[in-house]
>>> print(open('run_21.tsv').read())   # TSV, C-alpha atoms and all ligand atoms
chain	number	residue	atom	x	y	z
H	5	MET	CA	81.35	-124.65	50.06
H	6	PHE	CA	78.89	-121.84	50.34
H	7	THR	CA	76.04	-120.86	52.60
H	8	ILE	CA	72.51	-119.81	51.82
H	9	HIS	CA	70.99	-117.55	54.44
H	10	PRO	CA	67.33	-117.90	55.32
H	11	THR	CA	65.52	-114.59	55.02
H	12	ALA	CA	61.91	-113.50	55.05
H	13	ARG	CA	61.94	-114.22	51.32
H	14	LEU	CA	63.68	-117.58	51.62
H	15	ARG	CA	61.65	-118.94	54.43
H	16	PRO	CA	62.98	-121.56	56.81
H	17	SER	CA	60.43	-124.20	57.74
H	18	PRO	CA	59.46	-124.73	61.40
H	19	PHE	CA	61.69	-127.85	61.28
H	20	TYR	CA	64.74	-125.95	60.02
H	21	GLN	CA	66.45	-125.78	63.42
H	22	ALA	CA	65.81	-129.47	63.95
H	23	ALA	CA	67.25	-130.25	60.52
H	24	LEU	CA	70.37	-128.24	61.35
H	25	ALA	CA	70.70	-130.07	64.66
H	26	GLU	CA	70.46	-133.37	62.76
H	27	GLY	CA	73.47	-132.33	60.67
H	28	MET	CA	71.88	-131.33	57.37
H	29	THR	CA	74.63	-131.31	54.73
H	30	SER	CA	72.73	-130.33	51.62
H	31	ALA	CA	69.49	-128.69	50.67
H	32	SER	CA	67.46	-127.66	47.70
H	33	LEU	CA	65.06	-124.76	47.25
H	34	TYR	CA	61.34	-125.45	46.82
H	35	ASN	CA	58.56	-122.90	46.93
H	36	ARG	CA	61.21	-120.40	48.02
H	37	MET	CA	61.90	-122.47	51.09
H	38	ILE	CA	64.83	-124.64	52.13
H	39	LEU	CA	64.27	-128.34	51.54
H	40	PRO	CA	66.92	-130.44	53.32
H	41	THR	CA	68.14	-133.14	50.91
H	42	SER	CA	70.84	-134.97	52.87
H	43	PHE	CA	72.37	-135.48	56.27
H	44	GLY	CA	75.71	-136.73	55.06
H	45	ASP	CA	75.07	-140.38	54.21
H	46	PRO	CA	72.87	-140.63	51.08
H	47	GLU	CA	73.31	-144.40	50.88
H	48	ALA	CA	72.06	-144.99	54.44
H	49	GLU	CA	69.30	-142.43	53.95
H	50	TYR	CA	68.07	-144.28	50.87
H	51	TRP	CA	68.00	-147.72	52.55
H	52	ARG	CA	66.28	-146.27	55.60
H	53	ILE	CA	63.33	-145.27	53.38
H	54	ILE	CA	63.28	-148.71	51.73
H	55	ASN	CA	63.70	-150.87	54.83
H	56	GLY	CA	63.07	-148.73	57.88
H	57	VAL	CA	61.71	-145.31	58.67
H	58	SER	CA	62.88	-141.84	57.77
H	59	GLN	CA	61.90	-138.39	59.04
H	60	TRP	CA	61.66	-135.50	56.57
H	61	ASP	CA	61.35	-131.74	56.84
H	62	VAL	CA	58.95	-131.13	53.96
H	63	GLY	CA	57.63	-127.84	55.31
H	64	CYS	CA	58.28	-126.47	51.82
H	65	GLU	CA	55.15	-128.29	50.70
H	66	ARG	CA	53.28	-125.08	51.39
H	67	GLN	CA	49.56	-124.95	51.95
H	68	VAL	CA	47.16	-122.75	50.04
H	69	GLN	CA	43.94	-122.43	52.00
H	70	LEU	CA	40.53	-121.80	50.44
H	71	LYS	CA	37.94	-120.72	52.97
H	72	GLY	CA	34.38	-119.52	52.52
H	73	PRO	CA	31.08	-120.39	50.86
H	74	ASP	CA	32.70	-120.77	47.41
H	75	ALA	CA	35.78	-122.72	48.57
H	76	GLY	CA	34.54	-125.96	47.02
H	77	ARG	CA	33.66	-124.22	43.80
H	78	LEU	CA	37.06	-122.63	43.52
H	79	ALA	CA	38.77	-125.96	44.29
H	80	GLN	CA	36.86	-127.55	41.41
H	81	ILE	CA	37.52	-124.66	39.03
H	82	LEU	CA	41.25	-125.00	39.74
H	83	SER	CA	41.43	-128.73	39.04
H	84	PRO	CA	40.26	-130.94	36.17
H	85	ARG	CA	39.75	-133.86	38.56
H	86	ASP	CA	36.13	-134.36	39.62
H	87	LEU	CA	35.98	-133.43	43.31
H	88	SER	CA	32.22	-133.74	43.75
H	89	LYS	CA	32.45	-136.95	45.79
H	90	CYS	CA	35.34	-135.84	48.01
H	91	LYS	CA	34.42	-135.97	51.70
H	92	ALA	CA	35.64	-133.95	54.66
H	93	GLY	CA	38.72	-135.76	55.98
H	94	GLN	CA	39.68	-136.97	52.53
H	95	GLY	CA	42.66	-135.95	50.44
H	96	LYS	CA	43.12	-136.29	46.71
H	97	TYR	CA	45.98	-135.92	44.29
H	98	VAL	CA	44.83	-133.18	41.91
H	99	PRO	CA	46.73	-131.82	38.94
H	100	LEU	CA	46.26	-128.09	38.34
H	101	CYS	CA	46.37	-126.93	34.74
H	102	ASN	CA	46.33	-123.57	33.03
H	103	HIS	CA	43.96	-122.61	30.23
H	104	ARG	CA	46.15	-124.41	27.69
H	105	GLY	CA	45.96	-127.67	29.62
H	106	THR	CA	49.57	-127.37	30.79
H	107	VAL	CA	50.25	-128.83	34.24
H	108	ILE	CA	51.27	-125.98	36.55
H	109	ASN	CA	51.20	-127.84	39.87
H	110	ASP	CA	50.15	-131.21	41.30
H	111	PRO	CA	49.06	-130.72	44.91
H	112	ILE	CA	47.44	-133.04	47.36
H	113	MET	CA	44.12	-131.42	48.15
H	114	LEU	CA	42.79	-131.84	51.68
H	115	LYS	CA	39.11	-131.20	52.25
H	116	LEU	CA	38.74	-130.19	55.90
H	117	ALA	CA	35.11	-129.08	55.63
H	118	ASP	CA	32.64	-128.04	52.94
H	119	ASP	CA	33.97	-124.50	53.19
H	120	LEU	CA	37.64	-125.23	53.98
H	121	TYR	CA	40.32	-126.75	51.73
H	122	TRP	CA	44.10	-126.93	51.72
H	123	PHE	CA	46.17	-127.46	48.61
H	124	SER	CA	49.51	-128.93	49.64
H	125	ILE	CA	51.48	-127.66	46.72
H	126	ALA	CA	54.46	-128.53	44.58
H	127	ASP	CA	56.96	-125.90	43.49
H	128	SER	CA	54.99	-123.01	41.99
H	129	ASP	CA	53.03	-120.03	43.33
H	130	VAL	CA	49.49	-121.35	43.53
H	131	TRP	CA	48.15	-118.71	45.90
H	132	ILE	CA	48.66	-115.94	43.33
H	133	TRP	CA	46.86	-118.03	40.73
H	134	ALA	CA	44.03	-119.05	43.07
H	135	ARG	CA	43.45	-115.53	44.33
H	136	ALA	CA	43.37	-114.13	40.82
H	137	ILE	CA	40.94	-116.77	39.59
H	138	ALA	CA	38.67	-116.24	42.62
H	139	ALA	CA	38.57	-112.50	41.98
H	140	GLU	CA	38.03	-112.83	38.24
H	141	ARG	CA	35.18	-115.30	38.77
H	142	GLY	CA	33.62	-113.19	41.53
H	143	LEU	CA	33.78	-115.98	44.11
H	144	ASP	CA	33.12	-115.56	47.81
H	145	VAL	CA	36.26	-117.24	49.12
H	146	GLU	CA	39.37	-116.20	50.99
H	147	VAL	CA	42.69	-117.51	49.69
H	148	SER	CA	45.51	-117.49	52.23
H	149	GLU	CA	48.51	-119.37	53.54
H	150	PRO	CA	47.72	-120.96	56.90
H	151	ASP	CA	50.32	-121.78	59.55
H	152	VAL	CA	50.59	-125.41	58.44
H	153	SER	CA	53.81	-127.33	57.72
H	154	PRO	CA	54.14	-131.00	56.79
H	155	MET	CA	56.75	-133.34	58.25
H	156	ALA	CA	56.94	-136.80	56.70
H	157	ILE	CA	57.48	-140.14	58.42
H	158	GLN	CA	58.24	-142.45	55.50
H	159	GLY	CA	59.16	-146.07	55.10
H	160	PRO	CA	57.71	-149.48	55.96
H	161	LYS	CA	58.15	-148.89	59.69
H	162	GLY	CA	56.57	-145.44	59.54
H	163	GLU	CA	53.14	-146.68	60.51
H	164	ASP	CA	54.49	-148.27	63.71
H	165	VAL	CA	56.21	-145.04	64.67
H	166	VAL	CA	53.17	-142.86	64.03
H	167	ALA	CA	50.88	-145.35	65.79
H	168	SER	CA	53.18	-145.28	68.83
H	169	VAL	CA	52.77	-141.50	68.99
H	170	VAL	CA	49.11	-140.93	68.14
H	171	GLY	CA	47.50	-144.34	68.66
H	172	ASP	CA	46.59	-147.44	66.72
H	173	TRP	CA	43.69	-145.69	65.01
H	174	VAL	CA	46.09	-144.38	62.35
H	175	ARG	CA	46.53	-147.93	61.07
H	176	ASP	CA	42.97	-147.72	59.69
H	177	ILE	CA	43.44	-144.45	57.82
H	178	ARG	CA	43.07	-144.90	54.07
H	179	TYR	CA	45.50	-143.45	51.53
H	180	PHE	CA	45.36	-139.62	51.48
H	181	TRP	CA	42.71	-139.52	54.23
H	182	PHE	CA	43.63	-137.58	57.34
H	183	LYS	CA	42.51	-136.76	60.83
H	184	GLU	CA	42.97	-133.63	62.93
H	185	THR	CA	44.34	-134.29	66.40
H	186	GLU	CA	46.84	-133.11	69.01
H	187	ILE	CA	50.20	-134.54	69.95
H	188	GLU	CA	51.23	-133.49	73.46
H	189	GLY	CA	49.08	-130.39	72.98
H	190	ILE	CA	50.48	-129.58	69.53
H	191	PRO	CA	47.74	-129.26	66.90
H	192	VAL	CA	48.31	-131.44	63.83
H	193	ALA	CA	46.59	-133.25	60.98
H	194	VAL	CA	47.84	-136.79	60.33
H	195	GLN	CA	47.54	-138.07	56.77
H	196	ARG	CA	48.57	-141.31	55.10
H	197	SER	CA	50.70	-139.81	52.33
H	198	GLY	CA	54.23	-138.84	51.41
H	199	TRP	CA	56.44	-138.50	48.40
H	200	SER	CA	57.63	-142.10	48.32
H	201	LYS	CA	55.99	-145.43	47.59
H	202	GLN	CA	57.37	-147.02	50.77
H	203	GLY	CA	54.39	-146.12	52.94
H	204	GLY	CA	54.07	-143.68	55.77
H	205	PHE	CA	52.37	-140.55	56.97
H	206	GLU	CA	52.66	-136.83	56.90
H	207	ILE	CA	52.11	-134.84	60.05
H	208	TYR	CA	50.84	-131.36	59.22
H	209	LEU	CA	52.01	-129.11	62.05
H	210	ARG	CA	49.47	-126.36	62.77
H	211	ASP	CA	51.62	-124.21	65.04
H	212	GLY	CA	54.89	-123.10	63.48
H	213	SER	CA	56.43	-122.34	66.86
H	214	GLN	CA	56.34	-126.07	67.75
H	215	GLY	CA	58.51	-127.45	64.92
H	216	THR	CA	61.45	-128.58	67.02
H	217	ALA	CA	59.16	-130.01	69.70
H	218	LEU	CA	57.20	-132.05	67.15
H	219	TRP	CA	60.36	-133.20	65.39
H	220	ASN	CA	61.84	-134.43	68.66
H	221	ILE	CA	58.71	-136.30	69.68
H	222	PHE	CA	58.96	-138.41	66.52
H	223	LYS	CA	62.74	-138.68	66.75
H	224	GLU	CA	62.33	-140.17	70.26
H	225	ALA	CA	59.38	-142.40	69.37
H	226	GLY	CA	61.21	-143.66	66.29
H	227	LYS	CA	64.37	-144.74	68.11
H	228	PRO	CA	63.25	-148.36	68.65
H	229	TYR	CA	62.56	-148.51	64.89
H	230	GLY	CA	65.89	-147.01	63.85
H	231	ILE	CA	64.44	-143.71	62.64
H	232	GLY	CA	66.84	-141.18	61.18
H	233	PRO	CA	66.71	-137.93	59.25
H	234	GLY	CA	66.22	-138.10	55.52
H	235	ALA	CA	64.53	-136.46	52.58
H	236	PRO	CA	62.52	-137.23	49.49
H	237	THR	CA	65.07	-138.95	47.26
H	238	THR	CA	65.33	-138.80	43.50
H	239	ALA	CA	66.34	-142.47	43.46
H	240	GLU	CA	63.32	-143.81	45.30
H	241	ARG	CA	60.81	-141.54	43.59
H	242	THR	CA	62.19	-142.40	40.16
H	243	GLU	CA	62.13	-146.15	40.84
H	244	SER	CA	58.54	-145.68	42.05
H	245	GLY	CA	57.44	-143.59	39.09
H	246	LEU	CA	56.42	-140.45	40.98
H	247	VAL	CA	56.20	-137.29	38.93
H	248	SER	CA	58.03	-134.09	39.87
H	249	VAL	CA	56.13	-131.21	38.32
H	250	GLY	CA	58.68	-128.57	37.35
H	251	GLY	CA	61.40	-131.22	37.11
H	252	ASP	CA	59.82	-133.65	34.66
H	253	THR	CA	57.61	-131.06	33.00
H	254	ASP	CA	58.09	-127.97	30.86
H	255	GLU	CA	55.82	-125.11	29.76
H	256	GLU	CA	53.94	-127.39	27.38
H	257	THR	CA	53.47	-130.61	29.36
H	258	ASN	CA	49.90	-131.82	29.69
H	259	PRO	CA	48.69	-134.44	32.20
H	260	PHE	CA	48.22	-137.16	29.56
H	261	GLU	CA	51.92	-136.99	28.68
H	262	ILE	CA	53.08	-137.69	32.21
H	263	ARG	CA	50.69	-140.46	33.28
H	264	LEU	CA	48.33	-138.09	35.11
H	265	GLY	CA	45.47	-138.62	32.66
H	266	LYS	CA	43.67	-140.76	35.23
H	267	TYR	CA	43.30	-137.66	37.40
H	268	VAL	CA	41.54	-135.72	34.64
H	269	ASP	CA	37.76	-136.08	34.36
H	270	LEU	CA	36.82	-134.77	30.95
H	271	ASP	CA	33.15	-134.32	31.87
H	272	VAL	CA	33.65	-131.75	34.64
H	273	ASP	CA	31.90	-128.43	34.02
H	274	ASP	CA	33.11	-126.13	31.27
H	275	ASP	CA	34.17	-123.51	33.83
H	276	VAL	CA	37.04	-125.70	35.07
H	277	ILE	CA	40.31	-124.12	33.99
H	278	GLY	CA	41.93	-125.93	31.10
H	279	ILE	CA	39.20	-128.50	30.58
H	280	LYS	CA	38.39	-127.37	27.05
H	281	ALA	CA	42.04	-127.61	26.03
H	282	LEU	CA	42.34	-130.98	27.77
H	283	ARG	CA	39.33	-132.36	25.88
H	284	ARG	CA	40.91	-131.23	22.62
H	285	ILE	CA	44.33	-132.66	23.52
H	286	HIS	CA	42.73	-135.92	24.57
H	287	GLN	CA	40.80	-136.17	21.35
H	288	GLU	CA	43.78	-135.37	19.15
H	289	GLY	CA	45.94	-137.71	21.22
H	290	PRO	CA	49.07	-136.57	23.05
H	291	LYS	CA	52.27	-136.27	21.01
H	292	ARG	CA	54.67	-137.23	23.79
H	293	HIS	CA	54.60	-139.68	26.66
H	294	GLN	CA	56.70	-140.43	29.70
H	295	LEU	CA	58.62	-143.70	29.74
H	296	GLY	CA	61.40	-145.07	31.90
H	297	LEU	CA	64.98	-145.18	30.69
H	298	ILE	CA	67.60	-147.69	31.78
H	299	LEU	CA	71.03	-146.49	30.76
H	300	GLU	CA	74.12	-148.54	30.14
H	301	GLY	CA	77.03	-147.99	32.52
H	302	GLU	CA	78.12	-149.07	35.98
H	303	GLU	CA	78.84	-145.67	37.52
H	304	PRO	CA	76.37	-143.12	38.90
H	305	ALA	CA	75.89	-140.45	36.22
H	306	PRO	CA	73.14	-138.07	37.32
H	307	LEU	CA	71.41	-135.56	35.08
H	308	LYS	CA	73.36	-132.37	34.52
H	309	PHE	CA	71.61	-129.03	34.91
H	310	SER	CA	69.02	-129.47	32.22
H	311	TRP	CA	67.19	-132.09	30.20
H	312	GLU	CA	69.30	-134.22	27.88
H	313	GLU	CA	68.41	-135.00	24.28
H	314	ILE	CA	67.27	-138.50	23.33
H	315	ARG	CA	67.88	-139.80	19.80
H	316	SER	CA	66.70	-142.81	17.92
H	317	GLY	CA	68.02	-143.70	14.46
H	318	GLY	CA	69.87	-140.37	14.42
H	319	LYS	CA	66.69	-138.36	15.01
H	320	THR	CA	65.70	-136.39	18.12
H	321	VAL	CA	62.74	-138.17	19.73
H	322	GLY	CA	62.55	-136.45	23.10
H	323	GLU	CA	64.40	-135.60	26.26
H	324	MET	CA	65.59	-137.28	29.41
H	325	THR	CA	64.10	-135.25	32.27
H	326	ASN	CA	65.85	-136.88	35.22
H	327	CYS	CA	68.52	-139.49	35.80
H	328	VAL	CA	69.74	-141.10	38.98
H	329	TRP	CA	71.62	-144.18	40.16
H	330	SER	CA	69.17	-146.81	41.38
H	331	PRO	CA	70.69	-148.82	44.24
H	332	ARG	CA	68.10	-151.55	43.77
H	333	LEU	CA	68.33	-151.82	39.98
H	334	LYS	CA	72.06	-151.12	40.01
H	335	ALA	CA	71.81	-148.88	36.97
H	336	ASN	CA	71.25	-145.27	36.05
H	337	ILE	CA	67.54	-144.82	35.48
H	338	GLY	CA	65.51	-141.85	34.38
H	339	TYR	CA	62.39	-140.64	32.66
H	340	GLY	CA	62.14	-139.89	28.99
H	341	LEU	CA	59.55	-137.46	27.70
H	342	VAL	CA	59.50	-138.94	24.23
H	343	SER	CA	57.46	-139.06	21.05
H	344	VAL	CA	54.56	-141.51	21.17
H	345	ASP	CA	56.30	-143.28	18.29
H	346	CYS	CA	58.76	-144.57	20.90
H	347	VAL	CA	57.58	-147.62	22.84
H	348	PRO	CA	58.87	-149.75	25.71
H	349	GLY	CA	61.62	-152.07	24.50
H	350	ASP	CA	63.07	-149.51	22.07
H	351	LYS	CA	66.80	-148.83	22.20
H	352	VAL	CA	67.70	-145.13	22.16
H	353	GLU	CA	70.72	-142.90	22.70
H	354	VAL	CA	70.97	-140.18	25.34
H	355	MET	CA	73.28	-137.34	24.35
H	356	ARG	CA	75.30	-136.81	27.52
H	357	ASP	CA	78.28	-134.61	28.36
H	358	SER	CA	80.41	-137.74	28.23
H	359	GLY	CA	79.04	-138.66	24.80
H	360	ALA	CA	76.16	-140.76	23.52
H	361	SER	CA	74.92	-143.29	26.04
H	362	SER	CA	72.83	-146.32	25.03
H	363	ALA	CA	69.57	-146.75	26.88
H	364	LYS	CA	66.44	-148.86	26.80
H	365	LEU	CA	62.90	-147.52	27.13
H	366	VAL	CA	60.70	-149.30	29.65
H	367	GLU	CA	57.26	-148.98	31.20
H	368	LEU	CA	56.95	-146.97	34.44
H	369	PRO	CA	57.15	-147.50	37.36
H	370	PHE	CA	60.45	-149.39	37.48
H	371	LEU	CA	59.56	-151.04	40.79
S	401	LIG	N1	52.87	-134.43	50.28
S	401	LIG	C1	52.30	-133.25	50.55
S	401	LIG	N2	52.38	-132.21	49.72
S	401	LIG	C2	53.06	-132.35	48.57
S	401	LIG	C3	53.67	-133.56	48.21
S	401	LIG	C4	53.57	-134.63	49.10
S	401	LIG	N3	53.16	-131.28	47.74
S	401	LIG	C5	54.11	-131.31	46.69
S	401	LIG	C6	54.19	-132.64	46.01
S	401	LIG	N4	54.34	-133.69	47.01
S	401	LIG	C7	52.93	-132.88	45.22
S	401	LIG	N5	53.05	-133.95	44.28
S	401	LIG	C8	52.71	-135.26	44.54
S	401	LIG	C9	53.00	-136.21	43.56
S	401	LIG	C10	52.63	-137.52	43.75
S	401	LIG	C11	52.00	-137.90	44.92
S	401	LIG	C12	51.74	-136.98	45.88
S	401	LIG	C13	52.08	-135.64	45.68
S	401	LIG	C14	51.58	-139.32	45.12
S	401	LIG	N6	51.22	-140.02	44.06
S	401	LIG	C15	50.86	-141.44	44.11
S	401	LIG	C16	51.22	-142.05	42.79
S	401	LIG	O1	51.42	-141.33	41.83
S	401	LIG	O2	51.33	-143.26	42.72
S	401	LIG	C17	49.39	-141.71	44.43
S	401	LIG	C18	48.40	-140.91	43.64
S	401	LIG	C19	46.99	-141.45	43.65
S	401	LIG	O3	46.80	-142.55	43.08
S	401	LIG	O4	46.05	-140.82	44.16
S	401	LIG	O5	51.55	-139.80	46.24
S	401	LIG	O6	54.11	-135.73	48.88
S	401	LIG	N7	51.65	-133.10	51.69
>>> encode(input="run_21.tsv", output="C-alpha cells")
Amino acid sequence: MFTIHPTARLRPSPFYQAALAEGMTSASLYNRMILPTSFGDPEAEYWRIINGVSQWDVGCERQVQLKGPDAGRLAQILSPRDLSKCKAGQGKYVPLCNHRGTVINDPIMLKLADDLYWFSIADSDVWIWARAIAAERGLDVEVSEPDVSPMAIQGPKGEDVVASVVGDWVRDIRYFWFKETEIEGIPVAVQRSGWSKQGGFEIYLRDGSQGTALWNIFKEAGKPYGIGPGAPTTAERTESGLVSVGGDTDEETNPFEIRLGKYVDLDVDDDVIGIKALRRIHQEGPKRHQLGLILEGEEPAPLKFSWEEIRSGGKTVGEMTNCVWSPRLKANIGYGLVSVDCVPGDKVEVMRDSGASSAKLVELPFL
C-alpha cells in the first residue's frame, strides 16, 4: 500500500472529497490529476455501467478554453475535423494532430458561442500547445483553463437519473449536444456524452467549490435507480471500441491507424495543423491499423506495463496496446496496432510474460 498526496501540481478534482467519502480504493493519474478507478468492487462497478447507472469523478478531463474573436479560427487550426457547421450548444469529437499528423489528443470540443469554445481534453497538455499556436499565428484569442469539471452519469438508467434532476428536456438532447443550466443554484452544462457506449450524460460543474454538493444531489436522485460510484473501465471501453489516446497510441500514430479517419476532413484549409501530412499519409495509405484481439485463456491476464509484441508466422507484425478481461465475452480482449497485412480472422501470437499466447484478430468494436 502507498499513498499519493494531492498537491498544487497533482490537482484533486472538485469531486475528490466525495470520491474519498464513497470509499475510493484505487486511482490513476490523468492530466496530472487523480482519476478514481475503483471503489472496491470492480465486478459490481462494471455491471452497474452495463445494466444500471454509475457516477464518475472525471474532473481530470480538463477544459481548455478559447475565448475571443479568433476562438473559432484557432479551434479549426488545432483540429483536422471540419468545424464550420458546428453550432453553439453542439459538441464534437475532434482529434488534434501535430505537424506530422500524429494524434496528440482527442478532446470533445464544446462550442458555447461563436467566440467561446472548450476542449475537454484527454491526457496531454493542450493549453501549452494552443497558446503557442495562437501566439505564433498572431491570433486574437485568450487560451485559459476555466473552472469547469465534468462528472459523468453513465449507463442505461443514466438518462432517468439526469432527467429526475434537471427535467425531462434532457431526453431530447442529441449526442454531444449540451445545455447550460443550474441545479439547485449550481451552474452546470449538461451534455449527452461520456467515455462508455452505455449511454448517459456528463455534468460540467462550473463552480469548483460545489463539487461535493453536486455529487450528493446525483447520489440522492440516483438511489431509486441503484446508482453507485464507478469509473471509466478498461473492460467496457475496450468491448465498445473506444480509443484511449496515450494508451493505444505512440509518438507515430496517425488518426487513420486508429479508426479516427472519419473525423479528418482532408479538404480543410492548408493552415490546419497536420493537414498536409495527413493528406500525404492518406494518399500513401496507412501502414498499421487497429484491430481487436481475442486471446486464448480462461483467466484474466491484463496488459503489463507496456505494449506487447504480436507475431505472425514468426515475424513481428505489431503490438498489443491494451488487454483486459471482458466479463461479457468471457475472454481476454485487447487492441492490436498491427501491419495492414494482418486482417480480421488471422491467428497471431502475443508474446506475453507467461509465454506466447494464441490470439485471433477481429473487427472492432467487439460489442
Ligand atoms: N468526456 C469528456 N471529456 C473527455 C472524454 C469524455 N476528454 C478525454 C477523453 N474522454 C476524450 N476522448 C474521447 C474518446 C471517445 C469519445 C469521447 C471522448 C466518444 N467516442 C464515440 C465513439 O468513438 O464511438 C463517439 C464519437 C462520434 O462518433 O462522434 O464518445 O468522455 N467530457
>>> axis_aligned_box(input="run_21.tsv", around="ligand LIG 401 (chain S)", padding_each_side="5 Å", output="JSON")
{"center_x": 50.2, "center_y": -137.3, "center_z": 46.8, "size_x": 18.3, "size_y": 22.0, "size_z": 19.9}
>>> closest_residue(input="run_21.tsv", among="H:Ile337, H:Val268, H:Ile190, H:Met324", to="Leu299 (chain H)", atoms="all atoms listed in the file")
H:Ile337
>>> residues_near_ligand(input="run_21.tsv", ligand="ligand LIG 401 (chain S)", cutoff="6 Å", atoms="only C-alpha atoms and all ligand atoms", output="NGL selection string")
:H and (65 or 96-97 or 110-112 or 124-126 or 198-199 or 246-247)
>>> write_last_selection(input="run_21.tsv", atoms="C-alpha atoms", output="PDB file, in the frame of the given file")
ATOM      1  CA  GLU H  65      55.150-128.290  50.700  1.00  0.00           C
ATOM      2  CA  LYS H  96      43.120-136.290  46.710  1.00  0.00           C
ATOM      3  CA  TYR H  97      45.980-135.920  44.290  1.00  0.00           C
ATOM      4  CA  ASP H 110      50.150-131.210  41.300  1.00  0.00           C
ATOM      5  CA  PRO H 111      49.060-130.720  44.910  1.00  0.00           C
ATOM      6  CA  ILE H 112      47.440-133.040  47.360  1.00  0.00           C
ATOM      7  CA  SER H 124      49.510-128.930  49.640  1.00  0.00           C
ATOM      8  CA  ILE H 125      51.480-127.660  46.720  1.00  0.00           C
ATOM      9  CA  ALA H 126      54.460-128.530  44.580  1.00  0.00           C
ATOM     10  CA  GLY H 198      54.230-138.840  51.410  1.00  0.00           C
ATOM     11  CA  TRP H 199      56.440-138.500  48.400  1.00  0.00           C
ATOM     12  CA  LEU H 246      56.420-140.450  40.980  1.00  0.00           C
ATOM     13  CA  VAL H 247      56.200-137.290  38.930  1.00  0.00           C
TER      14      VAL H 247
END
>>> closest_residue(input="run_21.tsv", among="H:Ile38, H:Cys346, H:Ile221, H:Ala156", to="Val194 (chain H)", atoms="all atoms listed in the file")
H:Ala156
>>> closest_residue(input="run_21.tsv", among="H:Cys327, H:Ile231, H:Met5, H:Met113", to="Thr29 (chain H)", atoms="all atoms listed in the file")
H:Met5
>>> closest_atom_pairs(input="run_21.tsv", of="region 218-309 of chain H", to="region 76-85 of chain H", cutoff="10 Å", atoms="only C-alpha atoms", output="Markdown table")
| residue | atom | partner | partner_atom | distance |
| --- | --- | --- | --- | --- |
| H:Pro259 | CA | H:Pro84 | CA | 10.0 |
| H:Gly265 | CA | H:Arg85 | CA | 9.5 |
| H:Lys266 | CA | H:Arg85 | CA | 8.6 |
| H:Tyr267 | CA | H:Arg85 | CA | 5.3 |
| H:Val268 | CA | H:Arg85 | CA | 4.7 |
| H:Asp269 | CA | H:Arg85 | CA | 5.2 |
| H:Leu270 | CA | H:Pro84 | CA | 7.3 |
| H:Asp271 | CA | H:Pro84 | CA | 9.0 |
| H:Val272 | CA | H:Pro84 | CA | 6.8 |
| H:Asp273 | CA | H:Ile81 | CA | 8.4 |
| H:Asp274 | CA | H:Ile81 | CA | 9.0 |
| H:Asp275 | CA | H:Ile81 | CA | 6.3 |
| H:Val276 | CA | H:Ile81 | CA | 4.1 |
| H:Ile277 | CA | H:Ile81 | CA | 5.8 |
| H:Gly278 | CA | H:Pro84 | CA | 7.3 |
| H:Ile279 | CA | H:Pro84 | CA | 6.2 |
| H:Lys280 | CA | H:Pro84 | CA | 10.0 |
| H:Leu282 | CA | H:Pro84 | CA | 8.7 |
>>> residues_around(input="run_21.tsv", residues="Val170 (chain H)", least_positions_apart="6", cutoff="9 Å", atoms="only C-alpha atoms", output="list of chain:residue names")
H:Thr185, H:Glu186, H:Ile187, H:Val194
>>> atom_distance(input="run_21.tsv", atom1="CA of Asp176 (chain H)", atom2="CA of Tyr229 (chain H)")
20.3 Å
>>> atom_distance(input="run_21.tsv", atom1="CA of Ala25 (chain H)", atom2="CA of Leu218 (chain H)")
13.9 Å
>>> closest_residue(input="run_21.tsv", among="H:Gly44, H:Gly359, H:Gly215, H:Pro348", to="Gly27 (chain H)", atoms="only C-alpha atoms")
H:Gly44
>>> closest_residue(input="run_21.tsv", among="H:Gly189, H:Pro154, H:Gly162, H:Pro233", to="Met28 (chain H)", atoms="only C-alpha atoms")
H:Pro233
>>> residues_near_point(input="run_21.tsv", point="(61.2, -146.6, 35.6)", cutoff="8 Å", atoms="all atoms listed in the file", output="list in words")
Thr242, Glu243, Ser244, Gly245, Leu295, Gly296, Leu297, Ile298, Ile337, Gly338, Tyr339, Val366, Glu367, Leu368, Pro369, Phe370 and Leu371 of chain H
>>> atom_distance(input="run_21.tsv", atom1="CA of Asp151 (chain H)", atom2="CA of Trp131 (chain H)")
14.2 Å
>>> residues_around(input="run_21.tsv", residues="region 302-319 of chain H", least_positions_apart="6", cutoff="6 Å", atoms="all atoms listed in the file", output="NGL selection string")
:H and (325-329 or 352-355)
>>> closest_residue(input="run_21.tsv", among="H:Arg36, H:His293, H:Lys115, H:Lys364", to="Ala92 (chain H)", atoms="only C-alpha atoms")
H:Lys115
>>> residues_around(input="run_21.tsv", residues="Asp118 (chain H)", least_positions_apart="6", cutoff="10 Å", atoms="all atoms listed in the file", output="ChimeraX atom specification")
/H:71-77,90-92
>>> residues_around(input="run_21.tsv", residues="Asn258 (chain H)", least_positions_apart="2", cutoff="12 Å", atoms="only C-alpha atoms", output="PyMOL selection string")
chain H and resi 84+99-110+249+252-256+260-265+267-268+278-279+281-286+289-294+341
>>> residues_near_point(input="run_21.tsv", point="(42.2, -117.7, 50.6)", cutoff="10 Å", atoms="only C-alpha atoms", output="list in words")
Val68, Gln69, Leu70, Lys71, Gly72, Ala75, Leu120, Tyr121, Trp122, Trp131, Ile132, Ala134, Arg135, Ala138, Asp144, Val145, Glu146, Val147, Ser148, Glu149 and Pro150 of chain H
>>> write_last_selection(input="run_21.tsv", atoms="C-alpha atoms", output="CSV table (one decimal), in the coordinates of the input")
chain,number,residue,atom,x,y,z
H,68,VAL,CA,47.2,-122.8,50.0
H,69,GLN,CA,43.9,-122.4,52.0
H,70,LEU,CA,40.5,-121.8,50.4
H,71,LYS,CA,37.9,-120.7,53.0
H,72,GLY,CA,34.4,-119.5,52.5
H,75,ALA,CA,35.8,-122.7,48.6
H,120,LEU,CA,37.6,-125.2,54.0
H,121,TYR,CA,40.3,-126.8,51.7
H,122,TRP,CA,44.1,-126.9,51.7
H,131,TRP,CA,48.2,-118.7,45.9
H,132,ILE,CA,48.7,-115.9,43.3
H,134,ALA,CA,44.0,-119.0,43.1
H,135,ARG,CA,43.4,-115.5,44.3
H,138,ALA,CA,38.7,-116.2,42.6
H,144,ASP,CA,33.1,-115.6,47.8
H,145,VAL,CA,36.3,-117.2,49.1
H,146,GLU,CA,39.4,-116.2,51.0
H,147,VAL,CA,42.7,-117.5,49.7
H,148,SER,CA,45.5,-117.5,52.2
H,149,GLU,CA,48.5,-119.4,53.5
H,150,PRO,CA,47.7,-121.0,56.9
